[in-house]
file data.txt (compact mmCIF, C-alpha atoms and all ligand atoms)
# COMPACT_ATOMS: atom_id res chain seq x y z
CA MET M 16 76.35 110.43 106.35
CA LYS M 17 78.73 112.20 108.76
CA ILE M 18 82.22 113.33 107.88
CA LEU M 19 84.82 114.42 110.38
CA ALA M 20 87.21 117.10 109.16
CA LEU M 21 90.54 117.22 111.00
CA ASN M 22 93.25 119.85 110.92
CA CYS M 23 96.23 118.93 113.11
CA GLY M 24 98.87 121.55 113.87
CA SER M 25 101.98 121.10 115.97
CA SER M 26 100.08 121.58 119.24
CA SER M 27 96.47 121.84 118.11
CA LEU M 28 93.71 119.73 116.62
CA LYS M 29 90.76 121.48 114.99
CA TYR M 30 87.71 119.48 113.98
CA GLN M 31 84.26 119.74 112.44
CA LEU M 32 81.64 117.02 112.24
CA TYR M 33 79.64 117.60 109.07
CA ASP M 34 76.26 116.08 108.26
CA TRP M 35 76.24 115.56 104.51
CA LYS M 36 72.51 114.82 104.36
CA TYR M 37 71.48 118.07 106.05
CA LYS M 38 74.48 120.03 104.73
CA ARG M 39 75.33 121.41 108.12
CA VAL M 40 78.09 121.40 110.73
CA ASP M 41 76.87 119.36 113.73
CA CYS M 42 79.82 119.96 116.06
CA LEU M 43 83.11 121.78 115.93
CA GLY M 44 85.95 122.56 118.23
CA VAL M 45 89.64 122.75 118.88
CA VAL M 46 92.10 121.05 121.21
CA GLU M 47 94.88 123.49 122.02
CA LYS M 48 98.27 123.22 123.69
CA ILE M 49 98.63 119.47 123.09
CA GLY M 50 101.76 118.38 124.95
CA LEU M 51 102.16 121.84 126.53
CA ASP M 52 100.96 123.48 129.77
CA GLU M 53 97.21 123.39 130.41
CA PRO M 54 95.88 121.68 127.28
CA SER M 55 92.18 122.21 126.69
CA LEU M 56 89.28 121.29 124.44
CA LYS M 57 86.75 123.88 123.31
CA HIS M 58 83.70 122.21 121.81
CA ARG M 59 80.37 123.33 120.37
CA ASN M 60 77.42 121.39 119.02
CA LEU M 61 74.19 122.72 117.52
CA ASP M 62 73.04 124.44 120.69
CA LYS M 63 75.63 124.07 123.48
CA SER M 64 79.29 124.68 124.10
CA CYS M 65 81.81 123.66 126.72
CA THR M 66 85.51 123.87 127.60
CA LEU M 67 87.45 121.00 129.16
CA LYS M 68 90.91 121.24 130.67
CA ASP M 69 92.77 117.93 130.57
CA SER M 70 96.43 117.66 131.50
CA THR M 71 96.72 114.16 129.99
CA LEU M 72 96.48 115.54 126.46
CA THR M 73 100.07 114.89 125.50
CA THR M 74 99.63 113.50 121.97
CA HIS M 75 97.33 113.97 118.96
CA ALA M 76 96.01 110.45 119.64
CA ASN M 77 94.97 111.47 123.20
CA ALA M 78 93.38 114.62 121.78
CA LEU M 79 91.43 112.72 119.11
CA THR M 80 90.20 110.16 121.66
CA LEU M 81 88.81 113.02 123.75
CA VAL M 82 87.20 114.59 120.68
CA VAL M 83 85.54 111.31 119.68
CA ASN M 84 84.23 110.86 123.24
CA MET M 85 82.83 114.37 123.04
CA LEU M 86 81.10 113.60 119.71
CA LEU M 87 79.51 110.56 121.42
CA ASP M 88 78.57 112.52 124.56
CA GLY M 89 74.87 112.46 125.48
CA ILE M 90 74.73 116.23 126.03
CA TYR M 91 77.39 117.81 123.84
CA GLY M 92 77.69 115.17 121.12
CA GLU M 93 75.68 114.51 117.98
CA ILE M 94 76.29 110.79 117.28
CA ASN M 95 75.33 107.57 119.07
CA SER M 96 78.02 105.32 117.69
CA MET M 97 81.40 105.74 116.06
CA SER M 98 80.11 103.82 113.01
CA GLU M 99 78.09 106.93 112.10
CA ILE M 100 81.35 108.60 111.05
CA TYR M 101 81.61 107.48 107.43
CA ALA M 102 84.89 109.23 106.64
CA VAL M 103 87.62 111.43 108.03
CA GLY M 104 89.06 114.21 105.88
CA HIS M 105 92.54 115.36 106.86
CA ARG M 106 94.01 118.70 105.94
CA VAL M 107 97.58 117.95 104.88
CA VAL M 108 99.81 120.95 104.31
CA HIS M 109 102.34 119.52 101.87
CA GLY M 110 101.62 117.02 99.13
CA GLY M 111 104.87 117.61 97.22
CA ASP M 112 104.50 117.15 93.48
CA ARG M 113 103.19 113.60 93.92
CA PHE M 114 99.76 114.60 95.23
CA THR M 115 98.10 116.82 92.67
CA ARG M 116 94.58 116.28 94.00
CA SER M 117 92.73 115.09 97.10
CA THR M 118 93.42 111.39 97.69
CA ARG M 119 92.16 108.35 99.59
CA ILE M 120 94.73 107.46 102.26
CA THR M 121 95.88 103.94 101.47
CA ASP M 122 98.98 102.35 103.06
CA THR M 123 100.96 103.31 99.93
CA ALA M 124 99.77 106.92 100.16
CA LEU M 125 100.68 107.01 103.85
CA ASP M 126 104.21 105.74 103.08
CA LEU M 127 104.61 108.41 100.43
CA LEU M 128 103.34 111.09 102.79
CA GLY M 129 105.94 109.99 105.33
CA LYS M 130 108.65 110.54 102.70
CA ILE M 131 107.30 113.98 101.79
CA SER M 132 107.38 115.11 105.44
CA VAL M 133 110.96 116.28 105.01
CA LEU M 134 109.63 119.07 102.77
CA ALA M 135 107.41 120.47 105.53
CA PRO M 136 108.99 119.52 108.84
CA LEU M 137 106.88 122.04 110.78
CA HIS M 138 103.55 121.00 109.31
CA ASN M 139 103.39 117.48 107.88
CA PRO M 140 104.47 115.48 110.97
CA PRO M 141 101.45 116.67 113.03
CA ASN M 142 99.18 116.05 109.99
CA LEU M 143 100.55 112.49 109.84
CA ALA M 144 100.10 112.04 113.60
CA GLY M 145 96.42 112.96 113.08
CA ILE M 146 96.05 110.45 110.23
CA ARG M 147 97.64 107.63 112.26
CA ALA M 148 95.50 108.46 115.30
CA ALA M 149 92.31 108.52 113.20
CA LYS M 150 93.17 105.19 111.54
CA SER M 151 93.67 103.52 114.90
CA ILE M 152 90.76 105.15 116.77
CA MET M 153 88.28 104.95 113.85
CA PRO M 154 89.48 101.90 111.87
CA ASN M 155 86.20 101.60 109.98
CA ALA M 156 86.05 105.18 108.75
CA LEU M 157 87.50 105.92 105.30
CA GLN M 158 90.39 108.39 105.34
CA VAL M 159 91.03 111.08 102.74
CA ALA M 160 93.84 113.65 102.52
CA VAL M 161 93.17 117.13 101.16
CA PHE M 162 96.35 119.08 100.41
CA ASP M 163 97.17 122.77 100.71
CA THR M 164 99.56 122.43 97.80
CA ALA M 165 97.42 120.46 95.30
CA PHE M 166 95.55 123.47 93.89
CA HIS M 167 98.85 125.03 92.77
CA GLN M 168 100.09 121.99 90.86
CA SER M 169 98.74 123.67 87.72
CA MET M 170 101.56 126.26 87.87
CA PRO M 171 103.78 126.23 84.77
CA GLU M 172 107.46 125.41 85.16
CA VAL M 173 108.42 129.02 84.49
CA ALA M 174 106.62 129.95 87.73
CA TYR M 175 107.50 126.99 89.93
CA GLN M 176 111.21 126.65 89.21
CA TYR M 177 113.82 128.59 91.18
CA ALA M 178 117.06 129.71 89.55
CA ILE M 179 119.19 127.29 91.58
CA PRO M 180 121.45 124.33 90.74
CA ARG M 181 119.35 121.84 88.79
CA LYS M 182 120.40 119.05 91.17
CA TRP M 183 118.57 120.79 94.06
CA TYR M 184 115.36 120.31 92.15
CA ASN M 185 116.14 116.86 90.76
CA ASP M 186 117.51 115.34 93.95
CA HIS M 187 115.82 117.37 96.68
CA HIS M 188 112.54 118.55 95.09
CA VAL M 189 113.29 122.21 95.72
CA ARG M 190 110.64 124.19 93.79
CA ARG M 191 107.69 126.47 94.43
CA TYR M 192 104.68 124.52 95.73
CA GLY M 193 102.32 127.17 97.12
CA PHE M 194 99.87 126.76 100.00
CA HIS M 195 96.36 127.80 101.19
CA GLY M 196 95.10 125.85 98.16
CA THR M 197 91.63 125.04 99.47
CA SER M 198 91.02 128.71 100.30
CA HIS M 199 92.19 129.91 96.89
CA LEU M 200 90.06 127.20 95.27
CA TYR M 201 86.93 128.18 97.19
CA VAL M 202 87.14 131.93 96.63
CA SER M 203 88.15 131.56 92.98
CA LYS M 204 85.00 129.52 92.29
CA ARG M 205 82.85 132.02 94.21
CA ALA M 206 84.45 134.94 92.36
CA ALA M 207 83.51 133.28 89.06
CA VAL M 208 79.91 133.06 90.29
CA MET M 209 80.00 136.75 91.27
CA LEU M 210 81.43 137.65 87.86
CA GLY M 211 78.72 135.56 86.18
CA LYS M 212 81.30 133.67 84.09
CA PRO M 213 82.52 130.07 83.98
CA ALA M 214 85.59 129.62 86.23
CA LYS M 215 87.67 128.64 83.19
CA GLU M 216 87.19 132.12 81.75
CA CYS M 217 88.26 134.03 84.88
CA ASN M 218 91.57 135.75 85.56
CA LEU M 219 91.89 136.67 89.23
CA ILE M 220 94.34 137.90 91.83
CA ILE M 221 93.49 136.40 95.20
CA MET M 222 94.83 137.90 98.41
CA HIS M 223 94.43 135.46 101.31
CA ILE M 224 95.48 137.67 104.22
CA GLY M 225 95.28 135.91 107.57
CA ASN M 226 98.02 135.18 110.02
CA GLY M 227 99.62 133.41 107.05
CA VAL M 228 99.38 135.40 103.83
CA SER M 229 99.45 134.24 100.22
CA VAL M 230 98.63 135.93 96.94
CA THR M 231 97.71 133.79 93.93
CA ALA M 232 97.37 134.55 90.24
CA ILE M 233 94.55 132.58 88.62
CA LYS M 234 94.46 132.34 84.84
CA ASN M 235 91.49 130.71 83.13
CA GLY M 236 90.41 129.26 86.48
CA VAL M 237 93.69 127.65 87.55
CA SER M 238 96.61 128.74 89.70
CA VAL M 239 99.50 129.95 87.54
CA ASP M 240 101.61 131.58 90.26
CA THR M 241 101.51 132.08 94.00
CA SER M 242 103.55 133.99 96.55
CA MET M 243 104.30 131.18 99.00
CA GLY M 244 107.04 128.95 97.69
CA PHE M 245 108.96 125.85 98.70
CA THR M 246 107.56 126.54 102.18
CA PRO M 247 104.94 128.97 103.51
CA LEU M 248 107.77 131.32 104.52
CA GLU M 249 108.08 133.04 101.14
CA GLY M 250 105.98 135.90 99.84
CA ALA M 251 104.01 138.64 101.56
CA ILE M 252 104.71 139.84 105.11
CA MET M 253 102.85 137.62 107.61
CA GLY M 254 102.06 137.62 111.32
CA THR M 255 105.37 136.11 112.37
CA ARG M 256 106.94 135.04 109.03
CA SER M 257 109.31 137.31 107.15
CA GLY M 258 108.05 136.60 103.64
CA ASP M 259 110.43 137.56 100.80
CA LEU M 260 113.99 138.47 101.70
CA ASP M 261 117.45 138.34 100.23
CA PRO M 262 118.46 134.66 100.54
CA ALA M 263 121.91 135.80 101.69
CA ILE M 264 120.44 137.22 104.93
CA PRO M 265 119.85 133.92 106.78
CA LEU M 266 123.34 132.71 105.86
CA TYR M 267 124.90 135.99 106.98
CA MET M 268 122.98 135.98 110.28
CA GLN M 269 123.84 132.36 110.95
CA GLN M 270 127.51 133.29 110.63
CA GLN M 271 127.16 136.52 112.63
CA LEU M 272 125.31 134.85 115.51
CA GLY M 273 127.26 131.59 115.33
CA THR M 274 123.96 129.79 115.58
CA THR M 275 122.22 126.81 113.97
CA ALA M 276 120.07 126.59 110.86
CA ASP M 277 117.15 125.60 113.13
CA ALA M 278 117.53 128.79 115.19
CA ILE M 279 117.53 130.92 112.03
CA SER M 280 114.50 129.05 110.73
CA ALA M 281 112.68 129.69 114.03
CA ALA M 282 113.57 133.41 113.88
CA LEU M 283 112.25 133.74 110.32
CA ASN M 284 109.10 131.71 110.96
CA ARG M 285 108.16 132.79 114.46
CA GLU M 286 109.89 136.07 115.33
CA SER M 287 109.71 137.98 112.04
CA GLY M 288 106.93 139.49 109.94
CA LEU M 289 104.68 141.95 111.76
CA LEU M 290 105.99 140.71 115.10
CA GLY M 291 109.53 141.44 113.98
CA ILE M 292 108.69 144.94 112.72
CA THR M 293 106.59 146.03 115.72
CA ASP M 294 108.54 144.04 118.30
CA LYS M 295 105.28 143.29 120.12
CA TYR M 296 102.22 142.56 117.99
CA VAL M 297 101.04 139.85 115.62
CA ASP M 298 97.33 140.61 115.62
CA ARG M 299 96.45 143.19 112.95
CA ARG M 300 93.75 144.68 115.20
CA ASP M 301 96.40 145.63 117.79
CA ILE M 302 98.74 146.91 115.09
CA LEU M 303 96.08 149.01 113.34
CA GLN M 304 94.92 150.45 116.65
CA CYS M 305 98.45 151.42 117.75
CA ALA M 306 99.23 152.82 114.30
CA GLU M 307 96.19 155.06 114.60
CA LYS M 308 97.45 156.28 117.97
CA GLY M 309 100.73 157.23 116.35
CA ASP M 310 103.03 154.28 117.19
CA GLU M 311 105.78 154.59 114.56
CA GLN M 312 106.70 150.90 114.39
CA CYS M 313 103.05 149.90 113.98
CA LYS M 314 102.58 152.52 111.26
CA LEU M 315 105.62 151.13 109.48
CA ALA M 316 104.26 147.57 109.83
CA VAL M 317 100.95 148.57 108.23
CA ASP M 318 102.70 150.47 105.44
CA MET M 319 105.13 147.63 104.75
CA GLU M 320 102.36 145.03 104.66
CA ILE M 321 100.34 147.14 102.22
CA TYR M 322 103.38 148.00 100.07
CA ARG M 323 104.39 144.35 99.70
CA LEU M 324 100.84 143.27 98.79
CA LYS M 325 100.63 146.05 96.21
CA LYS M 326 103.86 144.77 94.64
CA TYR M 327 102.27 141.34 94.29
CA PHE M 328 99.23 142.92 92.63
CA GLY M 329 101.58 144.59 90.13
CA MET M 330 103.55 141.44 89.41
CA TYR M 331 100.50 139.31 88.85
CA ALA M 332 98.60 141.96 86.88
CA ALA M 333 101.61 142.10 84.56
CA THR M 334 101.84 138.33 84.13
CA LEU M 335 98.07 137.80 83.74
CA GLY M 336 97.54 140.62 81.25
CA ARG M 337 93.80 140.85 81.88
CA VAL M 338 92.50 140.85 85.45
CA ASP M 339 88.76 140.32 85.98
CA ALA M 340 88.79 140.67 89.76
CA VAL M 341 90.90 141.00 92.87
CA VAL M 342 89.60 138.97 95.80
CA PHE M 343 90.30 139.60 99.49
CA THR M 344 89.78 136.75 101.94
CA ALA M 345 90.80 135.32 105.39
CA GLY M 346 90.87 137.17 108.76
CA VAL M 347 92.41 140.44 107.57
CA GLY M 348 91.27 140.29 103.95
CA GLU M 349 87.67 139.82 105.07
CA ASN M 350 87.66 142.33 107.92
CA SER M 351 90.13 145.13 107.40
CA GLY M 352 88.84 147.83 105.06
CA ILE M 353 91.95 149.86 105.91
CA ILE M 354 94.36 147.22 104.61
CA ARG M 355 92.20 146.57 101.53
CA GLN M 356 92.04 150.30 100.79
CA GLY M 357 95.78 150.65 101.21
CA VAL M 358 96.44 147.85 98.75
CA MET M 359 93.87 148.94 96.16
CA GLU M 360 94.22 152.74 96.17
CA GLY M 361 96.21 154.45 93.47
CA LEU M 362 95.53 151.61 91.02
CA GLU M 363 92.99 153.50 88.89
CA HIS M 364 95.31 153.37 85.87
CA PHE M 365 95.18 149.55 86.24
CA GLY M 366 91.37 149.77 86.06
CA VAL M 367 90.73 149.37 89.81
CA PHE M 368 88.10 151.73 91.27
CA LEU M 369 87.28 150.98 94.89
CA ASP M 370 83.96 152.04 96.44
CA ARG M 371 85.73 153.54 99.43
CA GLU M 372 82.73 153.85 101.73
CA LEU M 373 81.40 150.39 101.00
CA ASN M 374 84.88 148.93 101.38
CA LEU M 375 85.35 150.43 104.84
CA ALA M 376 81.93 149.20 105.94
CA THR M 377 82.48 145.64 104.70
CA VAL M 378 83.45 142.89 107.15
CA SER M 379 83.27 139.11 107.02
CA SER M 380 79.73 138.99 108.41
CA SER M 381 78.57 141.25 105.54
CA GLY M 382 78.94 138.14 103.34
CA GLU M 383 80.30 138.22 99.80
CA THR M 384 80.48 141.84 98.67
CA MET M 385 81.67 143.67 95.59
CA ILE M 386 83.66 146.56 97.05
CA SER M 387 84.64 148.17 93.74
CA THR M 388 82.32 150.49 91.87
CA GLU M 389 79.88 148.93 89.37
CA GLU M 390 81.85 150.52 86.52
CA SER M 391 85.28 149.43 87.70
CA PRO M 392 86.85 147.40 84.83
CA VAL M 393 88.65 145.28 87.47
CA LYS M 394 86.17 144.21 90.14
CA VAL M 395 87.21 143.93 93.77
CA PHE M 396 85.47 141.36 95.98
CA MET M 397 85.50 140.47 99.66
CA ILE M 398 84.67 136.76 99.88
CA PRO M 399 84.67 134.89 103.21
CA THR M 400 86.68 131.74 102.69
CA ASN M 401 85.36 128.25 103.48
CA GLU M 402 88.22 125.77 103.45
CA GLU M 403 86.24 123.19 105.43
CA LEU M 404 83.54 122.98 102.77
CA VAL M 405 86.12 122.26 100.08
CA LEU M 406 87.58 119.52 102.27
CA ILE M 407 84.18 117.93 102.95
CA GLU M 408 83.13 118.01 99.28
CA ASP M 409 86.49 116.60 98.18
CA VAL M 410 86.13 113.74 100.68
CA VAL M 411 82.69 112.88 99.32
CA GLY M 412 83.87 113.15 95.70
CA VAL M 413 86.97 111.02 96.27
CA LEU M 414 84.94 108.31 97.99
CA ASP M 415 82.03 108.21 95.53
CA GLY M 416 84.39 108.34 92.55
CA THR M 417 83.07 111.62 91.09
CA TYR M 418 86.16 113.68 91.96
CA ASP M 419 88.85 114.08 89.35
CA ASP M 420 90.40 117.50 89.76
CA HIS M 421 89.02 120.87 90.77
CA MET M 422 88.25 122.01 87.20
CA HIS M 423 86.08 118.96 86.49
CA TYR M 424 84.51 118.30 89.88
CA LYS M 425 81.14 119.94 90.47
CA TYR M 426 81.34 121.77 93.78
CA SER M 427 78.04 122.85 95.29
CA PHE M 428 79.36 126.41 95.65
CA ALA M 429 80.71 126.77 92.11
P1 LIG M 501 95.02 132.02 110.19
O1 LIG M 501 93.89 131.10 109.73
O2 LIG M 501 96.13 132.19 109.19
O3 LIG M 501 95.51 131.77 111.58
P2 LIG M 501 92.98 134.08 110.09
O4 LIG M 501 92.53 133.99 108.68
O5 LIG M 501 92.05 133.64 111.16
O6 LIG M 501 94.43 133.49 110.27
O7 LIG M 501 93.34 135.64 110.35
C1 LIG M 501 93.91 136.05 111.55
C2 LIG M 501 94.19 137.54 111.44
O8 LIG M 501 92.97 138.23 111.13
C3 LIG M 501 94.71 138.13 112.75
O9 LIG M 501 95.91 138.88 112.50
C4 LIG M 501 93.58 139.07 113.15
O10 LIG M 501 94.03 140.18 113.80
C5 LIG M 501 93.00 139.46 111.83
N1 LIG M 501 91.69 140.07 111.97
C6 LIG M 501 90.54 139.52 112.40
N2 LIG M 501 89.57 140.47 112.47
C7 LIG M 501 90.14 141.63 112.06
C8 LIG M 501 89.67 142.98 111.92
N3 LIG M 501 88.43 143.31 112.19
N4 LIG M 501 90.54 143.92 111.46
C9 LIG M 501 91.81 143.59 111.19
N5 LIG M 501 92.32 142.36 111.31
C10 LIG M 501 91.49 141.38 111.75
call {"tool": "encode", "arguments": {"input": "data.txt", "output": "structure tokens"}}
result
Amino acid sequence: MKILALNCGSSSLKYQLYDWKYKRVDCLGVVEKIGLDEPSLKHRNLDKSCTLKDSTLTTHANALTLVVNMLLDGIYGEINSMSEIYAVGHRVVHGGDRFTRSTRITDTALDLLGKISVLAPLHNPPNLAGIRAAKSIMPNALQVAVFDTAFHQSMPEVAYQYAIPRKWYNDHHVRRYGFHGTSHLYVSKRAAVMLGKPAKECNLIIMHIGNGVSVTAIKNGVSVDTSMGFTPLEGAIMGTRSGDLDPAIPLYMQQQLGTTADAISAALNRESGLLGITDKYVDRRDILQCAEKGDEQCKLAVDMEIYRLKKYFGMYAATLGRVDAVVFTAGVGENSGIIRQGVMEGLEHFGVFLDRELNLATVSSSGETMISTEESPVKVFMIPTNEELVLIEDVVGVLDGTYDDHMHYKYSFA
């Protein structure tokens, strides 16, 4: 049984073809710059890789057609007929409060997803374009949506409500939703395994630090608060997103610049965060390197990122009461000992004792590692995330009827 995992962004389409029987990824790749200059497909199967430039890639449907042809290719593909693809799993960023778990995409679900798109205008429309393309190109494959928001639907009202006019929530669904759900789900289950306890007994603080950054408080195995909010813009400092700021700032700047709400949204989503602070870099490797060479703006960016993450640790430690472990994951969380050390040092009175040497030596390829000392009352883990595996297992569970929600479904990695 083969399952195709799709993740459609505004100008990209990432995919993995997974063989359920052999529990392995047969092919994977990405189409980039869809509808822009010089679109291309980078593809890899079990033993070969290739790059194709194709200027006709103007839509997600074109991109998916090319991907399917590649999967069928005699040299680079791994299937002989499209009927071998049993199901397609779609990563959907926003499920609103209507989708609390992964779901089969029926016509009714698709209608509802269309209505929810207004909540995530940057993310959901390309996700929907991917779903429509897959339905028309692979009409016989079953389609399942896996949401970034679903994992956080366990948050209590005290955490998900904003102190705003009640009508904004009632009429416009303005509330905290949270994102990166599949990543938080995966690493929380793995952390429970590393702690040797059932997930439902674990209190965790998870720091997913990639280009996007979110921190989640897990109590008794479920998400009870998370730093991203109504959109992925809230929370920690990110590559190009501002994270938390005084809500009066965008209104003030819109008036000062005499500009549109869209322009302010673009500035906060694409020109802020680490890019805004340094004025040149998004990639943490560049920023850390320049900071080491003495670049003041880069030093400030590193210090601000660490400071903000530490504040989230404090907030969530206070609300959880007992913390069993802090988990670092995603590009930076898995690879940057410097950022991890910055966030975790000085927290000894909270029961956090980092093994400094081991922490600095630990990168993603080290695999899951406990980077606190053995005696540390609060453990610190580096756990490489695996969002694709969650998606694949959810697809299988939804289709064979064994999936209910993440606390009752038996994941292979839990
Ligand atoms: P996303 O999925 O949100 O696009 P990733 O989880 O892939 O992001 O993380 C991307 C970030 O990880 C980039 O800022 C990159 O610089 C950072 N990163 C990768 N390797 C390292 C490293 N060795 N040290 C510091 N940062 C790293």
call {"tool": "closest_atom_pairs", "arguments": {"input": "data.txt", "of": "region 101-217 of chain M", "to": "region 74-87 of chain M", "cutoff": "7 Å", "atoms": "all atoms listed in the file", "output": "tab-separated table"}}
result
residue	atom	partner	partner_atom	distance
M:Ala144	CA	M:His75	CA	6.3
M:Gly145	CA	M:His75	CA	6.0
M:Ala148	CA	M:Ala76	CA	4.8
call {"tool": "closest_atom_pairs", "arguments": {"input": "data.txt", "of": "chain M", "to": "ligand LIG 501 (chain M)", "cutoff": "9 Å", "atoms": "only C-alpha atoms and all ligand atoms", "output": "JSON lines"}}
result
{"residue": "M:His223", "atom": "CA", "partner": "M:LIG501", "partner_atom": "O4", "distance": 7.8}
{"residue": "M:Ile224", "atom": "CA", "partner": "M:LIG501", "partner_atom": "O4", "distance": 6.5}
{"residue": "M:Gly225", "atom": "CA", "partner": "M:LIG501", "partner_atom": "O7", "distance": 3.4}
{"residue": "M:Asn226", "atom": "CA", "partner": "M:LIG501", "partner_atom": "O2", "distance": 3.6}
{"residue": "M:Gly227", "atom": "CA", "partner": "M:LIG501", "partner_atom": "O2", "distance": 4.3}
{"residue": "M:Val228", "atom": "CA", "partner": "M:LIG501", "partner_atom": "O2", "distance": 7.0}
{"residue": "M:Met253", "atom": "CA", "partner": "M:LIG501", "partner_atom": "O9", "distance": 8.6}
{"residue": "M:Gly254", "atom": "CA", "partner": "M:LIG501", "partner_atom": "O9", "distance": 6.4}
{"residue": "M:Val297", "atom": "CA", "partner": "M:LIG501", "partner_atom": "O9", "distance": 6.1}
{"residue": "M:Asp298", "atom": "CA", "partner": "M:LIG501", "partner_atom": "O10", "distance": 3.8}
{"residue": "M:Arg299", "atom": "CA", "partner": "M:LIG501", "partner_atom": "O10", "distance": 4.0}
{"residue": "M:Arg300", "atom": "CA", "partner": "M:LIG501", "partner_atom": "C9", "distance": 4.6}
{"residue": "M:Asp301", "atom": "CA", "partner": "M:LIG501", "partner_atom": "O10", "distance": 7.2}
{"residue": "M:Ile302", "atom": "CA", "partner": "M:LIG501", "partner_atom": "O10", "distance": 8.3}
{"residue": "M:Leu303", "atom": "CA", "partner": "M:LIG501", "partner_atom": "C9", "distance": 7.2}
{"residue": "M:Thr344", "atom": "CA", "partner": "M:LIG501", "partner_atom": "O4", "distance": 7.8}
{"residue": "M:Ala345", "atom": "CA", "partner": "M:LIG501", "partner_atom": "O4", "distance": 3.9}
{"residue": "M:Gly346", "atom": "CA", "partner": "M:LIG501", "partner_atom": "O7", "distance": 3.3}
{"residue": "M:Val347", "atom": "CA", "partner": "M:LIG501", "partner_atom": "N5", "distance": 4.2}
{"residue": "M:Gly348", "atom": "CA", "partner": "M:LIG501", "partner_atom": "O8", "distance": 7.7}
{"residue": "M:Glu349", "atom": "CA", "partner": "M:LIG501", "partner_atom": "C7", "distance": 7.6}
{"residue": "M:Asn350", "atom": "CA", "partner": "M:LIG501", "partner_atom": "N3", "distance": 4.4}
{"residue": "M:Ser351", "atom": "CA", "partner": "M:LIG501", "partner_atom": "N4", "distance": 4.3}
{"residue": "M:Gly352", "atom": "CA", "partner": "M:LIG501", "partner_atom": "N4", "distance": 7.7}
{"residue": "M:Ile353", "atom": "CA", "partner": "M:LIG501", "partner_atom": "C9", "distance": 8.2}
{"residue": "M:Ile354", "atom": "CA", "partner": "M:LIG501", "partner_atom": "C9", "distance": 7.9}
{"residue": "M:Val378", "atom": "CA", "partner": "M:LIG501", "partner_atom": "N3", "distance": 7.1}
{"residue": "M:Ser379", "atom": "CA", "partner": "M:LIG501", "partner_atom": "N3", "distance": 8.4}
{"residue": "M:Thr400", "atom": "CA", "partner": "M:LIG501", "partner_atom": "O4", "distance": 8.7}
call {"tool": "residues_near_point", "arguments": {"input": "data.txt", "point": "(91.8, 116.9, 127.6)", "cutoff": "6 Å", "atoms": "all atoms listed in the file", "output": "MDAnalysis selection string"}}
result
chainID M and resid 55:56 68:69 72
call {"tool": "write_last_selection", "arguments": {"input": "data.txt", "atoms": "C-alpha atoms", "output": "short mmCIF file (atom, residue, chain, number, x, y, z; two decimals), in the frame of the given file"}}
result
data_model
loop_
_atom_site.label_atom_id
_atom_site.label_comp_id
_atom_site.auth_asym_id
_atom_site.auth_seq_id
_atom_site.Cartn_x
_atom_site.Cartn_y
_atom_site.Cartn_z
CA SER M 55 92.18 122.21 126.69
CA LEU M 56 89.28 121.29 124.44
CA LYS M 68 90.91 121.24 130.67
CA ASP M 69 92.77 117.93 130.57
CA LEU M 72 96.48 115.54 126.46
#
call {"tool": "residues_near_point", "arguments": {"input": "data.txt", "point": "(103.8, 141.5, 97.9)", "cutoff": "12 Å", "atoms": "all atoms listed in the file", "output": "PyMOL selection string"}}
result
chain M and resi 220-224+228-231+241-243+249-253+257-260+318-331+358
call {"tool": "atom_distance", "arguments": {"input": "data.txt", "atom1": "CA of Thr197 (chain M)", "atom2": "CA of Arg39 (chain M)"}}
result
18.8 Å
call {"tool": "decode", "arguments": {"input": "data.txt", "residues": "region 179-185 of chain M", "atoms": "N, CA, C and O atoms", "output": "mmCIF file, in the first residue's frame"}}
result
data_model
loop_
_atom_site.group_PDB
_atom_site.id
_atom_site.type_symbol
_atom_site.label_atom_id
_atom_site.label_comp_id
_atom_site.auth_asym_id
_atom_site.auth_seq_id
_atom_site.Cartn_x
_atom_site.Cartn_y
_atom_site.Cartn_z
ATOM 1 N N ILE M 179 -10.907 40.166 23.930
ATOM 2 C CA ILE M 179 -11.393 41.052 22.860
ATOM 3 C C ILE M 179 -12.927 41.047 22.898
ATOM 4 O O ILE M 179 -13.515 40.235 23.619
ATOM 5 N N PRO M 180 -13.588 41.922 22.137
ATOM 6 C CA PRO M 180 -15.058 41.879 22.151
ATOM 7 C C PRO M 180 -15.568 40.468 21.811
ATOM 8 O O PRO M 180 -15.077 39.848 20.866
ATOM 9 N N ARG M 181 -16.511 40.027 22.609
ATOM 10 C CA ARG M 181 -17.018 38.644 22.470
ATOM 11 C C ARG M 181 -17.507 38.357 21.039
ATOM 12 O O ARG M 181 -17.403 37.243 20.539
ATOM 13 N N LYS M 182 -18.041 39.407 20.388
ATOM 14 C CA LYS M 182 -18.576 39.216 19.030
ATOM 15 C C LYS M 182 -17.478 38.814 18.041
ATOM 16 O O LYS M 182 -17.760 38.162 17.040
ATOM 17 N N TRP M 183 -16.226 39.231 18.301
ATOM 18 C CA TRP M 183 -15.135 38.862 17.381
ATOM 19 C C TRP M 183 -14.947 37.344 17.376
ATOM 20 O O TRP M 183 -14.624 36.760 16.355
ATOM 21 N N TYR M 184 -15.137 36.783 18.566
ATOM 22 C CA TYR M 184 -15.028 35.318 18.661
ATOM 23 C C TYR M 184 -16.290 34.654 18.094
ATOM 24 O O TYR M 184 -16.217 33.767 17.243
ATOM 25 N N ASN M 185 -17.446 35.133 18.535
ATOM 26 C CA ASN M 185 -18.701 34.495 18.109
ATOM 27 C C ASN M 185 -18.910 34.601 16.601
ATOM 28 O O ASN M 185 -19.292 33.638 15.947
#
